[in-house]
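What follows is one structure encoded as structure tokens, with my remarks underneath.
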Amino acid sequence: AEFDAKAINVLKSFYKFQMETGYPTVAVRYSADQGTTVNSPVRNVQGTHATVVRAMGADSAVLLKNTATLGLPLSKTGGLKIAVIGTDATAPVNPINYAGGLYREGTLIQGWGSGTTYPPYIVAPINAITAAFGGSARVTLMGDDFDLVSARSVARAADVAIVFVKANSGEGYISYDDNAGDRKNLTLWFNGDNLINTVAAMNRRTIVVMHTVGQVDMPWANT
């Protein structure tokens with residue numbers, strides 16, 4: 001009787017919101033064990049999700065620190081030379097950001113695992129910055145987290161340097177740097193701390209942008 005009552009409570013909401021009507025036909029997409037992908041016709045049930053997610057993303061951005069030296073927001077006049085540094089500034093090869101291998105490249109939009117989804121679009125930070133400034137700034141990209149020599153050179157030549165870093169996590173079927181799904185610590189991934197310190201040593205107007213799945217240590221924050 002108790003089980004029936006709980007089931008009825010679920011069904012009450014189901015029928016109240018008329019979820020039994022206008023429901024799309026079932027579509028299945030999965031990868032078989034042999035690596036082949038099986039697709040059925042796509043059912044677009046996103047509605048206005050793209051607009052909502054875009055607004056949520058903008059509202060979720062948090063400015064932790066600004067100083068007179070950084071001078072945010074950056075001026076769109078005066079011909080700034082802007083260095084954009086880090087793979088997190090680039091377009092992902094695959095929106096499901098796997099930790100290791102090819103899919104570690106690109107800006108982090110989500111972790112990996114069964115809860116991931118394919119977004120309607122992704123705007124890479126480098127493209128957004130270039131579009132925002134139009135022709136009023138000279139934007140240079142250095143998209144290698146481990147090439148500290150190039151990072152140093154690009155940062156030194158710029159008026160302002162923007163470093164993009166990240167920390168990821170997901171389900172335990174993939175491990176990266178001994179992180180079996182969940183993170184084992186709060187450090188930035190992919191050489192993030194070293195990249196920030198290297199750039200900041202060359203350019204006093206260094207802005208750090210972090211895309212992370214949770215809290216991270218920031219040993220460089222007050223330097």
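The chains in the structure tokens are called A, B, ... from first to last as shown; in each chain the residues are counted from 1, and the ligands are counted from 1 in the order shown.
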
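Excluding Val216 (chain A) itself and any same-chain residue fewer than 2 positions from it, the protein and nucleic acid residues within 8 Å of it, counting only C-alpha atoms, are Ala167, Leu186, Thr187, Leu188, Thr212, Gly214 and Met218 of chain A.
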
Test item: residues at most 10 Å from region 132-146 of chain A, only C-alpha atoms, excluding those fewer than 4 positions along its chain, as a compact mmCIF listing (two decimals) with N, CA, C and O atoms, in the first residue's frame:
# COMPACT_ATOMS: atom_id res chain seq x y z
N LEU A 74 38.08 45.90 -20.03
CA LEU A 74 39.10 46.40 -20.93
C LEU A 74 38.50 47.39 -21.92
O LEU A 74 37.38 47.22 -22.40
N SER A 75 39.26 48.40 -22.22
CA SER A 75 38.82 49.41 -23.17
C SER A 75 38.82 48.85 -24.59
O SER A 75 39.74 48.13 -24.99
N LYS A 76 37.79 49.19 -25.34
CA LYS A 76 37.71 48.76 -26.74
C LYS A 76 38.29 49.82 -27.69
O LYS A 76 38.19 49.68 -28.90
N THR A 77 38.87 50.84 -27.12
CA THR A 77 39.54 51.85 -27.93
C THR A 77 41.02 51.87 -27.55
O THR A 77 41.40 51.45 -26.46
N GLY A 78 41.82 52.38 -28.42
CA GLY A 78 43.25 52.51 -28.11
C GLY A 78 44.13 51.43 -28.68
O GLY A 78 45.34 51.45 -28.49
N GLY A 79 43.54 50.45 -29.39
CA GLY A 79 44.36 49.44 -30.06
C GLY A 79 45.13 48.53 -29.14
O GLY A 79 46.34 48.33 -29.32
N LEU A 80 44.48 47.98 -28.13
CA LEU A 80 45.14 47.07 -27.21
C LEU A 80 45.74 45.86 -27.93
O LEU A 80 45.15 45.34 -28.87
N LYS A 81 46.88 45.43 -27.43
CA LYS A 81 47.46 44.15 -27.86
C LYS A 81 47.11 43.13 -26.76
O LYS A 81 47.58 43.25 -25.64
N ILE A 82 46.29 42.16 -27.12
CA ILE A 82 45.77 41.21 -26.14
C ILE A 82 46.32 39.82 -26.43
O ILE A 82 46.16 39.30 -27.55
N ALA A 83 46.96 39.22 -25.46
CA ALA A 83 47.43 37.84 -25.57
C ALA A 83 46.42 36.93 -24.90
O ALA A 83 46.11 37.11 -23.72
N VAL A 84 45.89 35.97 -25.63
CA VAL A 84 44.97 34.98 -25.09
C VAL A 84 45.73 33.66 -25.02
O VAL A 84 46.19 33.15 -26.05
N ILE A 85 45.85 33.10 -23.82
CA ILE A 85 46.78 31.99 -23.60
C ILE A 85 46.06 30.82 -22.93
O ILE A 85 45.32 31.00 -21.96
N GLY A 86 46.30 29.62 -23.45
CA GLY A 86 45.76 28.41 -22.85
C GLY A 86 44.81 27.67 -23.78
O GLY A 86 44.07 28.27 -24.55
N THR A 87 44.82 26.34 -23.69
CA THR A 87 43.92 25.55 -24.53
C THR A 87 42.46 25.80 -24.15
O THR A 87 41.56 25.60 -24.99
N ASP A 88 42.19 26.23 -22.93
CA ASP A 88 40.82 26.47 -22.52
C ASP A 88 40.20 27.65 -23.26
O ASP A 88 39.00 27.87 -23.18
N ALA A 89 41.00 28.40 -23.98
CA ALA A 89 40.48 29.52 -24.78
C ALA A 89 40.03 29.07 -26.16
O ALA A 89 39.43 29.86 -26.90
N THR A 90 40.33 27.83 -26.53
CA THR A 90 40.08 27.38 -27.90
C THR A 90 38.80 26.54 -27.98
O THR A 90 38.22 26.16 -26.98
N GLU A 105 41.48 18.90 -25.19
CA GLU A 105 41.69 20.20 -25.82
C GLU A 105 40.40 21.00 -25.83
O GLU A 105 39.31 20.46 -25.90
N GLY A 106 40.52 22.31 -25.77
CA GLY A 106 39.37 23.18 -25.91
C GLY A 106 38.79 23.65 -24.59
O GLY A 106 39.11 23.13 -23.52
N ILE A 126 38.37 32.51 -27.45
CA ILE A 126 39.17 33.28 -28.40
C ILE A 126 38.30 33.92 -29.46
O ILE A 126 38.52 35.07 -29.86
N ASN A 127 37.25 33.22 -29.89
CA ASN A 127 36.35 33.78 -30.89
C ASN A 127 35.50 34.90 -30.28
O ASN A 127 35.23 35.92 -30.94
N ALA A 128 35.06 34.71 -29.04
CA ALA A 128 34.25 35.74 -28.37
C ALA A 128 35.05 37.02 -28.16
O ALA A 128 34.54 38.13 -28.37
N SER A 150 56.75 29.85 -25.31
CA SER A 150 55.87 30.66 -26.17
C SER A 150 54.95 31.53 -25.33
O SER A 150 54.67 32.69 -25.68
N ALA A 151 54.46 31.00 -24.22
CA ALA A 151 53.59 31.79 -23.34
C ALA A 151 54.32 33.02 -22.83
O ALA A 151 53.76 34.12 -22.78
N ARG A 152 55.57 32.84 -22.47
CA ARG A 152 56.38 33.95 -21.97
C ARG A 152 56.56 35.02 -23.05
O ARG A 152 56.43 36.22 -22.80
N SER A 153 56.84 34.57 -24.25
CA SER A 153 57.08 35.50 -25.36
C SER A 153 55.83 36.28 -25.73
O SER A 153 55.87 37.51 -25.91
N VAL A 154 54.71 35.59 -25.84
CA VAL A 154 53.46 36.24 -26.21
C VAL A 154 53.01 37.22 -25.13
O VAL A 154 52.55 38.33 -25.42
N ALA A 155 53.14 36.83 -23.87
CA ALA A 155 52.74 37.69 -22.76
C ALA A 155 53.58 38.96 -22.69
O ALA A 155 53.07 40.06 -22.43
N ALA A 157 54.97 40.58 -25.08
CA ALA A 157 54.69 41.49 -26.18
C ALA A 157 53.31 42.14 -26.12
O ALA A 157 53.00 43.02 -26.92
N ALA A 158 52.48 41.74 -25.16
CA ALA A 158 51.09 42.20 -25.11
C ALA A 158 50.89 43.31 -24.08
O ALA A 158 51.65 43.43 -23.11
N ASP A 159 49.85 44.11 -24.28
CA ASP A 159 49.44 45.08 -23.27
C ASP A 159 48.73 44.40 -22.12
O ASP A 159 48.84 44.84 -20.97
N VAL A 160 47.98 43.36 -22.44
CA VAL A 160 47.25 42.62 -21.42
C VAL A 160 47.24 41.14 -21.82
O VAL A 160 47.14 40.81 -23.01
N ALA A 161 47.38 40.27 -20.84
CA ALA A 161 47.38 38.83 -21.08
C ALA A 161 46.19 38.19 -20.37
O ALA A 161 45.96 38.47 -19.19
N ILE A 162 45.45 37.37 -21.08
CA ILE A 162 44.32 36.65 -20.50
C ILE A 162 44.63 35.16 -20.54
O ILE A 162 44.79 34.58 -21.62
N VAL A 163 44.77 34.55 -19.36
CA VAL A 163 45.13 33.14 -19.26
C VAL A 163 43.87 32.33 -18.94
O VAL A 163 43.18 32.62 -17.95
N PHE A 164 43.60 31.34 -19.75
CA PHE A 164 42.44 30.47 -19.54
C PHE A 164 42.93 29.12 -19.01
O PHE A 164 43.76 28.46 -19.64
N VAL A 165 42.38 28.72 -17.86
CA VAL A 165 42.77 27.47 -17.22
C VAL A 165 41.52 26.71 -16.78
O VAL A 165 40.42 27.27 -16.75
N TRP A 189 44.22 21.81 -13.56
CA TRP A 189 44.73 20.76 -14.44
C TRP A 189 45.56 21.36 -15.56
O TRP A 189 45.57 22.58 -15.80
N PHE A 190 46.26 20.47 -16.26
CA PHE A 190 46.99 20.81 -17.48
C PHE A 190 47.96 21.97 -17.29
O PHE A 190 47.97 22.93 -18.06
N ASN A 191 48.73 21.89 -16.20
CA ASN A 191 49.82 22.83 -15.98
C ASN A 191 49.33 24.25 -15.70
O ASN A 191 50.05 25.23 -15.91
N GLY A 192 48.11 24.38 -15.21
CA GLY A 192 47.49 25.69 -15.05
C GLY A 192 48.26 26.65 -14.17
O GLY A 192 48.46 27.82 -14.54
N ASP A 193 48.69 26.20 -12.99
CA ASP A 193 49.40 27.10 -12.08
C ASP A 193 50.71 27.58 -12.68
O ASP A 193 51.06 28.77 -12.57
N ASN A 194 51.45 26.68 -13.31
CA ASN A 194 52.72 27.08 -13.94
C ASN A 194 52.49 28.06 -15.08
O ASN A 194 53.27 29.01 -15.27
N LEU A 195 51.42 27.85 -15.83
CA LEU A 195 51.12 28.74 -16.95
C LEU A 195 50.80 30.14 -16.43
O LEU A 195 51.29 31.14 -16.97
N ILE A 196 50.00 30.22 -15.39
CA ILE A 196 49.65 31.52 -14.82
C ILE A 196 50.88 32.24 -14.28
O ILE A 196 51.10 33.43 -14.56

Would you compute the distance between CA of Val26 (chain A) and CA of Ile122 (chain A)? Give it in Å to one decimal.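 Taking CA of Val26 (chain A) and CA of Ile122 (chain A), their separation equals 26.3 Å.
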
Looking at A:Gly22, A:Pro95, A:Gly170, A:Pro125, which one is nearest to Met210 (chain A), with distances taken over only C-alpha atoms?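 Among the listed residues, the smallest separation from Met210 (chain A) belongs to A:Pro125.
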
Write out as a PyMOL selection string the set of residues from chain A that DSSP, computed on the backbone, places in alpha helix (DSSP H). chain A and resi 2-16+49-60+125-133+148-156+192-202

Just the number, please: distance in Å from CA of Ile129 (chain A) to CA of Met202 (chain A), one decimal.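 Answer for the CA of Ile129 (chain A) to CA of Met202 (chain A) separation: 21.2 Å.
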
Any idea what's packed within 6 Å of Asn203 (chain A), counting only C-alpha atoms, ignoring anything in its chain fewer than 3 positions away? Could you give it as JSON, numbers by chain? {"A": [155, 156, 200, 206]}

For CA of Ala91 (chain A) and CA of Leu72 (chain A), the interatomic separation in Å (one decimal):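 Going from CA of Ala91 (chain A) over to CA of Leu72 (chain A) covers 24.3 Å.
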